[in-house]
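Participant: Have a peek at coords_22.cif (mmCIF, C-alpha atoms, pLDDT in the B column; chains and numbers go by the auth columns).
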```cif
data_entry
#
loop_
_atom_site.group_PDB
_atom_site.id
_atom_site.type_symbol
_atom_site.label_atom_id
_atom_site.label_comp_id
_atom_site.label_asym_id
_atom_site.label_seq_id
_atom_site.Cartn_x
_atom_site.Cartn_y
_atom_site.Cartn_z
_atom_site.B_iso_or_equiv
_atom_site.auth_seq_id
_atom_site.auth_asym_id
ATOM 1 C CA MET A 1 97.240 40.777 137.058 49.00 1 H
ATOM 2 C CA PRO A 2 99.731 42.405 139.450 55.00 2 H
ATOM 3 C CA ASN A 3 101.751 45.397 138.282 60.00 3 H
ATOM 4 C CA LEU A 4 105.054 44.214 136.774 68.00 4 H
ATOM 5 C CA GLU A 5 106.614 47.698 137.091 70.00 5 H
ATOM 6 C CA LYS A 6 107.007 47.198 140.850 73.00 6 H
ATOM 7 C CA ALA A 7 108.658 43.786 140.419 76.00 7 H
ATOM 8 C CA PRO A 8 112.300 44.972 140.098 76.00 8 H
ATOM 9 C CA GLY A 9 112.071 46.885 143.379 76.00 9 H
ATOM 10 C CA LYS A 10 110.478 43.993 145.220 81.00 10 H
ATOM 11 C CA ILE A 11 113.006 41.511 143.855 82.00 11 H
ATOM 12 C CA ALA A 12 115.911 43.873 144.692 78.00 12 H
ATOM 13 C CA ALA A 13 114.606 44.259 148.259 79.00 13 H
ATOM 14 C CA PHE A 14 114.326 40.455 148.614 83.00 14 H
ATOM 15 C CA TYR A 15 117.858 40.023 147.225 80.00 15 H
ATOM 16 C CA THR A 16 119.259 42.666 149.603 77.00 16 H
ATOM 17 C CA ARG A 17 117.584 41.105 152.654 82.00 17 H
ATOM 18 C CA ARG A 18 118.282 37.450 151.917 82.00 18 H
ATOM 19 C CA LYS A 19 121.495 37.702 149.837 81.00 19 H
ATOM 20 C CA ARG A 20 119.991 35.406 147.201 85.00 20 H
ATOM 21 C CA MET A 21 117.434 35.486 144.429 86.00 21 H
ATOM 22 C CA PRO A 22 113.906 34.241 145.230 86.00 22 H
ATOM 23 C CA SER A 23 112.591 30.908 144.009 87.00 23 H
ATOM 24 C CA ILE A 24 109.627 30.860 141.601 87.00 24 H
ATOM 25 C CA ALA A 25 107.301 30.018 144.517 89.00 25 H
ATOM 26 C CA GLU A 26 108.707 32.944 146.497 89.00 26 H
ATOM 27 C CA LEU A 27 108.382 35.196 143.449 87.00 27 H
ATOM 28 C CA ALA A 28 104.727 34.260 143.049 88.00 28 H
ATOM 29 C CA LYS A 29 104.047 35.310 146.639 90.00 29 H
ATOM 30 C CA LEU A 30 106.299 38.390 146.401 87.00 30 H
ATOM 31 C CA LEU A 31 104.672 39.659 143.194 86.00 31 H
ATOM 32 C CA GLY A 32 101.111 38.735 144.144 88.00 32 H
ATOM 33 C CA TYR A 33 100.572 35.918 141.630 88.00 33 H
ATOM 34 C CA ARG A 34 98.382 32.938 142.470 88.00 34 H
ATOM 35 C CA SER A 35 100.422 30.429 140.512 88.00 35 H
ATOM 36 C CA LYS A 36 104.065 29.619 139.948 88.00 36 H
ATOM 37 C CA GLY A 37 103.362 29.595 136.194 88.00 37 H
ATOM 38 C CA ALA A 38 102.291 33.238 136.238 87.00 38 H
ATOM 39 C CA ALA A 39 105.415 34.144 138.215 86.00 39 H
ATOM 40 C CA ALA A 40 107.598 32.217 135.754 86.00 40 H
ATOM 41 C CA TYR A 41 105.977 34.137 132.870 87.00 41 H
ATOM 42 C CA ALA A 42 106.678 37.430 134.682 85.00 42 H
ATOM 43 C CA VAL A 43 110.313 36.390 135.159 84.00 43 H
ATOM 44 C CA GLU A 44 110.639 35.670 131.423 86.00 44 H
ATOM 45 C CA ARG A 45 109.285 39.141 130.648 84.00 45 H
ATOM 46 C CA LEU A 46 111.806 40.695 133.058 82.00 46 H
ATOM 47 C CA VAL A 47 114.630 38.652 131.506 82.00 47 H
ATOM 48 C CA CYS A 48 113.595 39.756 127.992 81.00 48 H
ATOM 49 C CA ALA A 49 113.557 43.376 129.202 75.00 49 H
ATOM 50 C CA GLY A 50 117.103 42.921 130.552 74.00 50 H
ATOM 51 C CA VAL A 51 116.065 43.632 134.151 75.00 51 H
ATOM 52 C CA LEU A 52 116.907 40.097 135.312 80.00 52 H
ATOM 53 C CA GLU A 53 119.258 37.472 133.867 83.00 53 H
ATOM 54 C CA LYS A 54 119.602 33.708 133.905 83.00 54 H
ATOM 55 C CA ASP A 55 122.794 31.675 134.019 81.00 55 H
ATOM 56 C CA THR A 56 123.484 28.689 131.750 82.00 56 H
ATOM 57 C CA THR A 57 121.627 26.361 134.128 83.00 57 H
ATOM 58 C CA GLY A 58 118.532 28.583 134.177 80.00 58 H
ATOM 59 C CA ARG A 59 119.105 29.999 137.667 83.00 59 H
ATOM 60 C CA LEU A 60 117.869 33.542 138.160 83.00 60 H
ATOM 61 C CA LEU A 61 120.507 36.304 138.468 81.00 61 H
ATOM 62 C CA PRO A 62 119.939 39.887 139.650 76.00 62 H
ATOM 63 C CA GLY A 63 120.883 41.525 136.326 73.00 63 H
ATOM 64 C CA ARG A 64 120.363 45.298 136.249 67.00 64 H
ATOM 65 C CA ILE A 65 118.516 45.448 139.568 62.00 65 H
ATOM 66 C CA MET A 66 121.784 45.144 141.521 57.00 66 H
ATOM 67 C CA GLU A 67 124.468 46.383 139.088 55.00 67 H
ATOM 68 C CA GLY A 68 125.295 49.497 141.022 53.00 68 H
ATOM 69 C CA GLY A 69 122.726 51.554 139.203 55.00 69 H
ATOM 70 C CA ALA A 70 120.552 54.188 140.791 55.00 70 H
ATOM 71 C CA LYS A 71 116.912 53.581 141.689 53.00 71 H
ATOM 72 C CA LEU A 72 114.426 55.222 139.329 55.00 72 H
ATOM 73 C CA LEU A 73 111.750 56.236 141.827 51.00 73 H
ATOM 74 C CA GLY A 74 109.253 58.080 139.680 58.00 74 H
ATOM 75 C CA VAL A 75 108.607 61.445 138.093 60.00 75 H
ATOM 76 C CA VAL A 76 108.845 64.938 139.576 60.00 76 H
ATOM 77 C CA GLU A 77 106.949 67.943 138.235 66.00 77 H
ATOM 78 C CA ALA A 78 109.095 70.830 137.057 68.00 78 H
ATOM 79 C CA GLY A 79 105.965 72.948 136.471 64.00 79 H
ATOM 80 C CA PHE A 80 103.030 73.180 138.838 66.00 80 H
ATOM 81 C CA PRO A 81 103.291 71.089 142.019 68.00 81 H
ATOM 82 C CA SER A 82 101.438 67.798 142.048 60.00 82 H
ATOM 83 C CA ALA A 83 101.099 64.891 144.436 62.00 83 H
ATOM 84 C CA ALA A 84 104.287 62.837 144.410 56.00 84 H
ATOM 85 C CA GLU A 85 104.416 59.095 144.772 57.00 85 H
ATOM 86 C CA GLU A 86 107.645 57.321 145.502 55.00 86 H
ATOM 87 C CA GLU A 87 107.559 54.058 143.633 56.00 87 H
ATOM 88 C CA LEU A 88 110.540 52.037 142.483 54.00 88 H
ATOM 89 C CA LEU A 89 110.066 51.874 138.727 57.00 89 H
ATOM 90 C CA ASP A 90 113.400 50.353 137.788 60.00 90 H
ATOM 91 C CA VAL A 91 117.095 50.366 138.533 62.00 91 H
ATOM 92 C CA LEU A 92 118.959 52.539 136.090 61.00 92 H
ATOM 93 C CA SER A 93 122.620 52.149 135.195 66.00 93 H
ATOM 94 C CA PHE A 94 123.988 55.485 134.032 72.00 94 H
ATOM 95 C CA ASP A 95 126.608 53.725 131.895 72.00 95 H
ATOM 96 C CA GLU A 96 123.888 51.845 130.063 71.00 96 H
ATOM 97 C CA TYR A 97 121.643 54.926 129.802 72.00 97 H
ATOM 98 C CA LEU A 98 124.273 57.459 128.735 77.00 98 H
ATOM 99 C CA LEU A 99 126.643 55.193 126.790 75.00 99 H
ATOM 100 C CA PRO A 100 124.550 52.837 124.662 74.00 100 H
ATOM 101 C CA ASN A 101 127.459 52.609 122.161 79.00 101 H
ATOM 102 C CA LYS A 102 130.465 52.391 124.489 78.00 102 H
ATOM 103 C CA GLU A 103 132.930 51.543 121.733 83.00 103 H
ATOM 104 C CA SER A 104 132.253 54.779 119.836 86.00 104 H
ATOM 105 C CA SER A 105 131.593 57.110 122.797 87.00 105 H
ATOM 106 C CA TYR A 106 133.855 59.175 125.007 88.00 106 H
ATOM 107 C CA ILE A 107 133.626 61.992 127.553 90.00 107 H
ATOM 108 C CA LEU A 108 135.020 65.507 127.188 92.00 108 H
ATOM 109 C CA LYS A 109 135.250 68.294 129.748 93.00 109 H
ATOM 110 C CA VAL A 110 133.777 71.588 128.507 94.00 110 H
ATOM 111 C CA LYS A 111 135.917 74.714 128.587 94.00 111 H
ATOM 112 C CA GLY A 112 134.241 78.014 127.719 94.00 112 H
ATOM 113 C CA ASP A 113 130.739 79.454 127.453 94.00 113 H
ATOM 114 C CA SER A 114 129.956 79.428 123.735 95.00 114 H
ATOM 115 C CA MET A 115 127.212 76.794 124.233 96.00 115 H
ATOM 116 C CA LYS A 116 125.665 78.077 127.488 95.00 116 H
ATOM 117 C CA ASP A 117 122.287 78.891 125.891 95.00 117 H
ATOM 118 C CA ALA A 118 122.060 75.227 124.865 95.00 118 H
ATOM 119 C CA GLY A 119 122.513 74.288 128.543 94.00 119 H
ATOM 120 C CA ILE A 120 126.184 73.325 128.198 95.00 120 H
ATOM 121 C CA CYS A 121 128.338 75.339 130.598 94.00 121 H
ATOM 122 C CA ASN A 122 132.004 75.696 131.447 93.00 122 H
ATOM 123 C CA GLY A 123 133.084 72.713 133.580 92.00 123 H
ATOM 124 C CA ASP A 124 130.295 70.381 132.384 92.00 124 H
ATOM 125 C CA MET A 125 131.103 66.985 130.927 91.00 125 H
ATOM 126 C CA VAL A 126 129.678 66.011 127.554 92.00 126 H
ATOM 127 C CA ILE A 127 129.305 62.521 126.206 90.00 127 H
ATOM 128 C CA VAL A 128 130.029 62.379 122.508 91.00 128 H
ATOM 129 C CA GLU A 129 129.658 59.605 119.977 92.00 129 H
ATOM 130 C CA ARG A 130 131.537 59.061 116.728 92.00 130 H
ATOM 131 C CA ARG A 131 129.049 58.397 113.935 90.00 131 H
ATOM 132 C CA GLN A 132 129.141 57.852 110.194 88.00 132 H
ATOM 133 C CA THR A 133 126.700 60.674 109.465 90.00 133 H
ATOM 134 C CA TYR A 134 125.843 63.999 111.074 91.00 134 H
ATOM 135 C CA LYS A 135 122.867 66.274 110.515 94.00 135 H
ATOM 136 C CA PRO A 136 122.463 70.046 110.696 95.00 136 H
ATOM 137 C CA GLY A 137 120.965 70.999 114.056 95.00 137 H
ATOM 138 C CA GLN A 138 123.061 68.533 116.063 96.00 138 H
ATOM 139 C CA ILE A 139 125.647 69.750 118.554 96.00 139 H
ATOM 140 C CA VAL A 140 128.957 68.444 117.270 95.00 140 H
ATOM 141 C CA VAL A 141 132.627 68.360 118.124 94.00 141 H
ATOM 142 C CA ALA A 142 134.388 69.612 115.016 92.00 142 H
ATOM 143 C CA SER A 143 137.955 70.041 113.887 91.00 143 H
ATOM 144 C CA LEU A 144 138.641 73.197 111.928 87.00 144 H
ATOM 145 C CA GLU A 145 142.175 73.753 110.666 80.00 145 H
ATOM 146 C CA GLY A 146 143.615 71.628 113.473 81.00 146 H
ATOM 147 C CA ALA A 147 141.615 73.201 116.334 87.00 147 H
ATOM 148 C CA PHE A 148 138.660 71.531 118.056 92.00 148 H
ATOM 149 C CA THR A 149 135.407 73.210 119.061 94.00 149 H
ATOM 150 C CA MET A 150 131.861 72.261 120.059 96.00 150 H
ATOM 151 C CA LYS A 151 128.992 74.050 118.293 96.00 151 H
ATOM 152 C CA TYR A 152 125.705 73.492 116.457 97.00 152 H
ATOM 153 C CA LEU A 153 126.233 72.158 112.946 96.00 153 H
ATOM 154 C CA ARG A 154 124.315 74.329 110.473 95.00 154 H
ATOM 155 C CA LYS A 155 123.976 74.413 106.699 93.00 155 H
ATOM 156 C CA GLY A 156 123.553 77.658 104.802 91.00 156 H
ATOM 157 C CA PRO A 157 123.789 78.783 101.171 90.00 157 H
ATOM 158 C CA ARG A 158 127.610 78.659 101.333 86.00 158 H
ATOM 159 C CA GLY A 159 127.718 75.193 102.935 89.00 159 H
ATOM 160 C CA TYR A 160 128.195 73.933 106.464 92.00 160 H
ATOM 161 C CA TYR A 161 129.141 76.222 109.343 93.00 161 H
ATOM 162 C CA LEU A 162 129.304 76.118 113.154 95.00 162 H
ATOM 163 C CA GLU A 163 126.933 78.173 115.273 96.00 163 H
ATOM 164 C CA PRO A 164 127.476 78.946 118.968 96.00 164 H
ATOM 165 C CA ALA A 165 124.636 79.043 121.499 96.00 165 H
ATOM 166 C CA ASN A 166 125.709 82.364 122.989 95.00 166 H
ATOM 167 C CA ASP A 167 125.156 85.780 121.362 95.00 167 H
ATOM 168 C CA GLU A 168 128.610 86.921 122.499 95.00 168 H
ATOM 169 C CA PHE A 169 130.215 84.524 119.982 95.00 169 H
ATOM 170 C CA LYS A 170 130.048 84.629 116.182 95.00 170 H
ATOM 171 C CA PRO A 171 129.346 81.673 113.867 95.00 171 H
ATOM 172 C CA ILE A 172 132.389 79.993 112.344 93.00 172 H
ATOM 173 C CA TYR A 173 132.377 79.700 108.549 91.00 173 H
ATOM 174 C CA PRO A 174 135.066 77.363 107.202 89.00 174 H
ATOM 175 C CA LYS A 175 136.857 78.238 103.958 83.00 175 H
ATOM 176 C CA ASP A 176 135.289 75.130 102.418 74.00 176 H
ATOM 177 C CA ASP A 177 133.583 71.906 103.537 67.00 177 H
ATOM 178 C CA GLU A 178 136.892 70.038 103.326 72.00 178 H
ATOM 179 C CA THR A 179 138.492 72.106 106.116 82.00 179 H
ATOM 180 C CA LEU A 180 135.624 71.268 108.501 89.00 180 H
ATOM 181 C CA LEU A 181 135.808 67.769 109.975 91.00 181 H
ATOM 182 C CA ILE A 182 132.996 66.544 112.222 93.00 182 H
ATOM 183 C CA GLU A 183 134.564 64.316 114.855 92.00 183 H
ATOM 184 C CA ALA A 184 131.525 63.381 116.994 92.00 184 H
ATOM 185 C CA VAL A 185 127.994 64.364 118.020 95.00 185 H
ATOM 186 C CA VAL A 186 127.096 65.373 121.587 94.00 186 H
ATOM 187 C CA THR A 187 124.607 62.889 123.047 93.00 187 H
ATOM 188 C CA ALA A 188 124.447 63.974 126.709 92.00 188 H
ATOM 189 C CA VAL A 189 125.543 66.622 129.181 93.00 189 H
ATOM 190 C CA VAL A 190 126.593 65.724 132.722 90.00 190 H
ATOM 191 C CA ARG A 191 126.675 68.394 135.429 89.00 191 H
ATOM 192 C CA LYS A 192 127.461 67.794 139.066 84.00 192 H
ATOM 193 C CA TYR A 193 126.232 70.339 141.609 81.00 193 H
#
```
Any chance you could give the structure as structure tokens?

Facilitator:
Amino acid sequence: MPNLEKAPGKIAAFYTRRKRMPSIAELAKLLGYRSKGAAAYAVERLVCAGVLEKDTTGRLLPGRIMEGGAKLLGVVEAGFPSAAEEELLDVLSFDEYLLPNKESSYILKVKGDSMKDAGICNGDMVIVERRQTYKPGQIVVASLEGAFTMKYLRKGPRGYYLEPANDEFKPIYPKDDETLLIEAVVTAVVRKY
């Protein structure tokens, strides 16, 4: 059976060249299937995965493959060098990837260096999400006596406190748990070079 991972790239290339989606017969040829039935099954799998879509009449729509996302071309070693293969694995929408809960998420610009050892630097953007519960160990945006800060949430013998990721800063111990309000948890860091 042909590799379905390469299908989004092949379909996107067809769509870009011809300005339309392929028919099932064209898909069978494009994806290397011998029958239209096998191609139709592959399309259903891609629709279920959210890569492709269908309209109310059943016509194939590009879905995520052409939504302005970036091409996910493979993996790169950050350790020892290895042979690299460029292969279109998928089309990735950063909105979808970084903001799975758009209604409860927002972006903040980082000011200061108290979290630099956690990889969050001055000028970075962080994506944060409001949640019902928070756990020690998460990086949170907290309100403490009317001021906002971003730190690790920790729990010690005296209760919750905020810990920076930079030895030049000291942990923040609230007077009591009621003066510390957790506003959101950091879910991603965005840095542009």

Participant: If we count only C-alpha atoms and set the cut-off at 9 Å, which residues sit around range 140-149 of chain H, ignoring sequence neighbours fewer than 6 positions away in its own chain? Please answer as number ranges by chain.

Facilitator: H: 128, 134, 162, 174, 179-186

Participant: Excluding range 22-33 of chain H and any residue of its chain fewer than 5 positions from it, enumerate the residues within 12 Å of it, using only C-alpha atoms, and give them as a PDB file with C-alpha atoms, in the frame of the given file.

Facilitator:
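Output saved as selection-v6.pdb:
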```pdb
ATOM      1  CA  MET H   1      97.240  40.777 137.058  1.00 49.00           C
ATOM      2  CA  PRO H   2      99.731  42.405 139.450  1.00 55.00           C
ATOM      3  CA  ASN H   3     101.751  45.397 138.282  1.00 60.00           C
ATOM      4  CA  LEU H   4     105.054  44.214 136.774  1.00 68.00           C
ATOM      5  CA  GLU H   5     106.614  47.698 137.091  1.00 70.00           C
ATOM      6  CA  LYS H   6     107.007  47.198 140.850  1.00 73.00           C
ATOM      7  CA  ALA H   7     108.658  43.786 140.419  1.00 76.00           C
ATOM      8  CA  PRO H   8     112.300  44.972 140.098  1.00 76.00           C
ATOM      9  CA  GLY H   9     112.071  46.885 143.379  1.00 76.00           C
ATOM     10  CA  LYS H  10     110.478  43.993 145.220  1.00 81.00           C
ATOM     11  CA  ILE H  11     113.006  41.511 143.855  1.00 82.00           C
ATOM     12  CA  ALA H  12     115.911  43.873 144.692  1.00 78.00           C
ATOM     13  CA  ALA H  13     114.606  44.259 148.259  1.00 79.00           C
ATOM     14  CA  PHE H  14     114.326  40.455 148.614  1.00 83.00           C
ATOM     15  CA  TYR H  15     117.858  40.023 147.225  1.00 80.00           C
ATOM     16  CA  THR H  16     119.259  42.666 149.603  1.00 77.00           C
ATOM     17  CA  ARG H  17     117.584  41.105 152.654  1.00 82.00           C
ATOM     18  CA  ALA H  38     102.291  33.238 136.238  1.00 87.00           C
ATOM     19  CA  ALA H  39     105.415  34.144 138.215  1.00 86.00           C
ATOM     20  CA  ALA H  40     107.598  32.217 135.754  1.00 86.00           C
ATOM     21  CA  TYR H  41     105.977  34.137 132.870  1.00 87.00           C
ATOM     22  CA  ALA H  42     106.678  37.430 134.682  1.00 85.00           C
ATOM     23  CA  VAL H  43     110.313  36.390 135.159  1.00 84.00           C
ATOM     24  CA  GLU H  44     110.639  35.670 131.423  1.00 86.00           C
ATOM     25  CA  LEU H  52     116.907  40.097 135.312  1.00 80.00           C
ATOM     26  CA  GLY H  58     118.532  28.583 134.177  1.00 80.00           C
ATOM     27  CA  ARG H  59     119.105  29.999 137.667  1.00 83.00           C
ATOM     28  CA  LEU H  60     117.869  33.542 138.160  1.00 83.00           C
ATOM     29  CA  LEU H  61     120.507  36.304 138.468  1.00 81.00           C
ATOM     30  CA  PRO H  62     119.939  39.887 139.650  1.00 76.00           C
TER      31      PRO H  62
END
```

Participant: Find the residues near Ser114 in chain H: any atom within 6 Å, counting all atoms listed in the file, skip ones fewer than 4 places away on the same chain, and give them as JSON, numbers by chain.

Facilitator: {"H": [164, 165, 166]}

Participant: Give me the result of the PyMOL selection byres ((chain H and resi 101) around 12) on this file, residue by residue, as a PyMOL selection string.

Facilitator: chain H and resi 95-100+102-106+127-131+187

Participant: So how many Å separate CA of Lys109 in chain H and CA of Glu178 in chain H, to one decimal?

Facilitator: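 Rounded to one decimal, the two atoms are 26.5 Å apart.
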
Participant: Just how far from CA of Met115 in chain H is CA of Met150 in chain H, in Å to one decimal?

Facilitator: 7.7 Å

Participant: Figure out the distance between CA of Lys111 in chain H and CA of Lys155 in chain H, please, to one decimal in Å.

Facilitator: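 Between these atoms lies a distance of 24.9 Å.
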
Participant: Please provide the set of residues having any atom within 10 Å of Asp113 in chain H, restricted to only C-alpha atoms, with same-chain residues fewer than 6 positions apart removed, written as a list in words.

Facilitator: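 Residues meeting the cut-off are Gly119, Ile120, Cys121, Asn122, Gly123, Pro164, Ala165, Asn166, Glu168 and Phe169 of chain H.
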
Participant: Determine the residue membership of the PyMOL selection byres ((chain H and resi 154) around 10) for the file above and supply it as a list in words.

Facilitator: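 Checked against the file, the PyMOL selection byres ((chain H and resi 154) around 10) matches Lys135, Pro136, Gly137, Gln138, Ile139, Lys151, Tyr152, Leu153, Lys155, Gly156, Gly159, Tyr160, Tyr161, Leu162, Glu163, Pro171 and Tyr173 of chain H.
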
Participant: Just add N, CA and C atoms to range 164-182 of chain H and send it as a compact mmCIF listing (two decimals), in the coordinates of the input.

Facilitator:
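Generated output (result-v6.txt):
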```txt
# COMPACT_ATOMS: atom_id res chain seq x y z
N PRO H 164 127.46 79.02 117.51
CA PRO H 164 127.48 78.95 118.97
C PRO H 164 126.07 79.15 119.54
N ALA H 165 125.90 78.82 120.79
CA ALA H 165 124.64 79.04 121.50
C ALA H 165 124.87 80.11 122.55
N ASN H 166 125.42 81.23 122.12
CA ASN H 166 125.71 82.36 122.99
C ASN H 166 125.91 83.57 122.06
N ASP H 167 125.11 84.61 122.25
CA ASP H 167 125.16 85.78 121.36
C ASP H 167 126.49 86.51 121.41
N GLU H 168 127.31 86.26 122.41
CA GLU H 168 128.61 86.92 122.50
C GLU H 168 129.64 86.33 121.54
N PHE H 169 129.30 85.19 120.91
CA PHE H 169 130.22 84.52 119.98
C PHE H 169 129.62 84.56 118.58
N LYS H 170 130.48 84.58 117.58
CA LYS H 170 130.05 84.63 116.18
C LYS H 170 130.11 83.22 115.57
N PRO H 171 129.26 82.96 114.57
CA PRO H 171 129.35 81.67 113.87
C PRO H 171 130.71 81.52 113.19
N ILE H 172 131.11 80.29 112.99
CA ILE H 172 132.39 79.99 112.34
C ILE H 172 132.08 79.43 110.96
N TYR H 173 132.57 80.13 109.93
CA TYR H 173 132.38 79.70 108.55
C TYR H 173 133.71 79.18 108.02
N PRO H 174 133.80 77.89 107.73
CA PRO H 174 135.07 77.36 107.20
C PRO H 174 135.28 77.85 105.77
N LYS H 175 136.54 77.82 105.33
CA LYS H 175 136.86 78.24 103.96
C LYS H 175 136.12 77.36 102.95
N ASP H 176 136.06 76.07 103.25
CA ASP H 176 135.29 75.13 102.42
C ASP H 176 134.94 73.93 103.27
N ASP H 177 134.05 73.07 102.76
CA ASP H 177 133.58 71.91 103.54
C ASP H 177 134.71 70.93 103.86
N GLU H 178 135.79 70.97 103.09
CA GLU H 178 136.89 70.04 103.33
C GLU H 178 137.74 70.43 104.53
N THR H 179 137.71 71.69 104.95
CA THR H 179 138.49 72.11 106.12
C THR H 179 137.74 71.87 107.42
N LEU H 180 136.45 71.54 107.33
CA LEU H 180 135.62 71.27 108.50
C LEU H 180 135.43 69.76 108.64
N LEU H 181 135.95 69.20 109.73
CA LEU H 181 135.81 67.77 109.98
C LEU H 181 134.96 67.57 111.22
N ILE H 182 133.85 66.85 111.08
CA ILE H 182 133.00 66.54 112.22
C ILE H 182 133.55 65.28 112.87
```
